[in-house]
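J.: I have a structure I would like to understand better, so I am pasting it below and will then ask my questions one at a time.
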Amino acid sequence: MSSQSGVLFRITTFGESHGPGVGVVIDGCPAGMRIDWEAVQAQLARRRPGQSHLTTQRKEPDLLEVLSGVYEERSLGTPIAVLVRNTDSRSKDYDGFSQVYRPSHADYTYHIKYGHRTPHGGGRASVRETIGRVIAGSVAEQILKNELGMETVGWVDSIGEIEASVFENPPIDRSVVDQSLVRCPDPQKSDRMIALVEQVKKAGDSVGGTVGLIVRNVPPGLGEPVFDKLEAELAKACLSIPACKGFESGSGFQGTRGRGSEHNDLFYNEGQPSASREPPPVPFENVPDLKTRSNRSGGIQGGITNGMPITMRVAFKPTATIFQTQTTADEYGAEVELQARGRHDPCVLPRAVPIVESVVNLVLVDAYLQQRARNPVWWERYALDRKKSAAVETP
């Protein structure tokens, strides 16, 4: 089973939704880093169940325990293992249909693949597995913030047919997003989304939607063409999240409706052009830092960041577990009626936001570490210079 991700910043997640606990092993975190575990815990709190009447009422504090890889509050460069214990699992809720394949769940596919499965809560296919990704993604975010000044903010962009226009004025930080129960920073659309989720919950149904995301202060040069283009890695990371069914970068599918003359992002130079026309002694040394007048590329061209903000949208299907009677099949192939029990989200979108932020930061930190290792000139130009400037600015 593929439970690992990353090249230099490599993670392994473990655990099942109704087992003793879930967690992650992070391998490749640079040594000597002071990790802000309170910030990691805060991101876990944004993902945890029971946040409001709109989410599953499973009551889990999701308190992290650091088991290895840290001494005197600094990373050792060795594997960092973090555990979150399950304290409110109710496996008995699934006993009545332990031999039934739930519609649109992974029950049948896991069983046909491995010949053996856990019937409790979806096991590894549960969204509870993403706790490990959120922990590791928060550590990755701190590296990107400290060394490059990068900032990642996600939000709910749509629920059902209610669409916000957040990309026209994306939120500066997460505090704006978290003011809304559904994490939509458009107050009017947020109220309508809340009403819709309440409506489908009352009907025992569910609803899907999209998460929007922006990454600011992205340096140019991140990404590994041709098969590991940054968009491809971001899409893979997002589509590995439970219930995720679609990914768009930049203009996405909307960009197919225009012409090249309308879609192209035109370059311009904010600084002074180089006076010399001679080849530089070090390749790349005199390449100008350019911007584009629009950003329909979503900050990525040829699979490599161009220095503009990364923008993307991720689609999530309606939650598979609904509280209406459905016809399905059991392990013997017999047709049965299923009446689901347990505690489930009528809409996964509010809790999906920190998960999307986390997997994006995992991809970006891996791309950053690879680029830093490959090209010390790039490292000095973008990361080292920024760290020196930040040190001078800090009193």
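Residues are named by chain letter and number: chains run A, B, ... in the order of the structure tokens, numbers start at 1 in each chain, and ligands are numbered from 1 in the order shown.
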I need the residues of segment 89-290 of chain A that end up classed as strand (DSSP E) by DSSP on the backbone, written out as a PyMOL selection string.
T.: chain A and resi 100-101+151-159+162-163+209-216+244-249+267-269+290
J.: Please return as number ranges by chain: the residues of segment 33-235 of chain A that backbone DSSP assigns to alpha helix (DSSP H).
T.: A: 37-47, 107-114, 131-148, 174-177, 187-202, 230-235
J.: Give me the residues within 7 Å of segment 348-364 of chain A as a list in words, counting only C-alpha atoms and dropping any in the same chain fewer than 5 places off.
T.: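 Neighbouring residues, sequence-local ones excluded: Gln43, Arg46, Arg47, Thr130, Arg133, Val134, Gly137, Ser138, Ala140, Glu141, Thr152, Val153, Gly154, Trp155, Val156, Val182, Arg183, Gly209, Val211, Glu233, Leu234, Ala237, Cys238 and Thr319 of chain A.
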J.: Can you measure atom CA of Tyr268 of chain A to atom CA of Trp378 of chain A for me? One decimal in Å is fine.
T.: 20.9 Å
J.: Excluding Ile322 of chain A and residues on its chain fewer than 4 positions from it, collect all residues at most 12 Å away from it, counting only C-alpha atoms, and give them as a PyMOL selection string.
T.: chain A and resi 56+102-105+200-207+318+326+338-347
J.: Tell me, in Å to one decimal, how far atom CA of Pro187 of chain A is from atom CA of Val127 of chain A.
T.: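 These two atoms are separated by 27.5 Å.
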J.: Skip Leu148 of chain A itself and residues of its chain fewer than 5 positions away, then list as a list in words all residues within 9 Å of it, counting only C-alpha atoms.
T.: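 Those residues are Ile143, Asn217, Val218, Pro219, Tyr382, Ala383, Leu384, Arg386 and Lys387 of chain A.
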J.: Kindly save the residues from that selection, with C-alpha atoms included, as a PDB file, in the first residue's frame.
T.:
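Output file again_8.pdb follows:
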ATOM      1  CA  ILE A 143      10.086  25.882   6.416  1.00  0.00           C
ATOM      2  CA  ASN A 217       5.687  35.057  -2.362  1.00  0.00           C
ATOM      3  CA  VAL A 218       6.545  32.055  -4.528  1.00  0.00           C
ATOM      4  CA  PRO A 219      10.033  32.242  -6.038  1.00  0.00           C
ATOM      5  CA  TYR A 382      16.134  33.679  -3.380  1.00  0.00           C
ATOM      6  CA  ALA A 383      16.363  31.941  -0.024  1.00  0.00           C
ATOM      7  CA  LEU A 384      19.668  32.976   1.498  1.00  0.00           C
ATOM      8  CA  ARG A 386      15.781  36.668   2.051  1.00  0.00           C
ATOM      9  CA  LYS A 387      17.015  35.140   5.308  1.00  0.00           C
TER      10      LYS A 387
END
J.: For Leu266 of chain A, work out the shell of residues within 9 Å, counting only C-alpha atoms and skipping chain neighbours fewer than 5 positions away, then give it as a VMD selection string.
T.: chain A and resid 291 to 295
J.: Considering only C-alpha atoms, give me a table of residues in segment 229-281 of chain A that are at most 12 Å from segment 115-124 of chain A, with the closest atom pair and distance in Å for each, as a tab-separated table.
T.:
residue	atom	partner	partner_atom	distance
A:Ser240	CA	A:Arg124	CA	11.9
A:Ile241	CA	A:Arg124	CA	11.3
A:Pro242	CA	A:Arg124	CA	9.8
J.: Keeping N, CA and C atoms for every residue in the selection just given, could you write it to a file as a PDB file, in the first residue's frame?
T.:
ATOM      1  N   SER A 240      -5.357  12.808  -4.030  1.00  0.00           N
ATOM      2  CA  SER A 240      -5.197  11.714  -3.069  1.00  0.00           C
ATOM      3  C   SER A 240      -5.989  11.960  -1.785  1.00  0.00           C
ATOM      4  N   ILE A 241      -6.564  13.146  -1.636  1.00  0.00           N
ATOM      5  CA  ILE A 241      -7.399  13.443  -0.469  1.00  0.00           C
ATOM      6  C   ILE A 241      -8.742  12.740  -0.629  1.00  0.00           C
ATOM      7  N   PRO A 242      -9.252  12.079   0.409  1.00  0.00           N
ATOM      8  CA  PRO A 242     -10.567  11.442   0.288  1.00  0.00           C
ATOM      9  C   PRO A 242     -11.632  12.421  -0.200  1.00  0.00           C
TER      10      PRO A 242
END
J.: Between A:Ala243, A:Arg128, A:Trp379, A:Phe316, which has the minimum distance to Gly19 of chain A (counting only C-alpha atoms)?
T.: A:Arg128
J.: Do a neighbour search on Gly21 of chain A at 8 Å with only C-alpha atoms, toss out local chain neighbours closer than 3 positions, and write the hits as a list in words.
T.: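 The filter keeps Gly15, Glu16, Ser17, His18, Leu83, Val84, Arg85 and Asn86 of chain A.
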J.: Hey, can you spit out that residue selection with N, CA and C atoms as a tab-separated table (two decimals), in the first residue's frame?
T.:
chain	number	residue	atom	x	y	z
A	15	GLY	N	-2.13	4.36	10.39
A	15	GLY	CA	-3.29	4.29	11.26
A	15	GLY	C	-4.61	4.22	10.52
A	16	GLU	N	-5.64	3.76	11.23
A	16	GLU	CA	-7.00	3.66	10.71
A	16	GLU	C	-7.94	4.52	11.55
A	17	SER	N	-9.09	4.81	10.98
A	17	SER	CA	-10.01	5.75	11.65
A	17	SER	C	-10.54	5.22	12.97
A	18	HIS	N	-10.65	3.90	13.12
A	18	HIS	CA	-11.18	3.33	14.36
A	18	HIS	C	-10.14	2.47	15.07
A	83	LEU	N	2.17	11.16	16.76
A	83	LEU	CA	0.99	10.32	16.94
A	83	LEU	C	-0.18	11.16	17.44
A	84	VAL	N	-1.37	10.87	16.93
A	84	VAL	CA	-2.62	11.41	17.46
A	84	VAL	C	-3.52	10.23	17.81
A	85	ARG	N	-3.91	10.12	19.05
A	85	ARG	CA	-4.71	8.98	19.49
A	85	ARG	C	-6.19	9.20	19.18
A	86	ASN	N	-6.86	8.12	18.78
A	86	ASN	CA	-8.31	8.15	18.60
A	86	ASN	C	-8.97	7.94	19.96
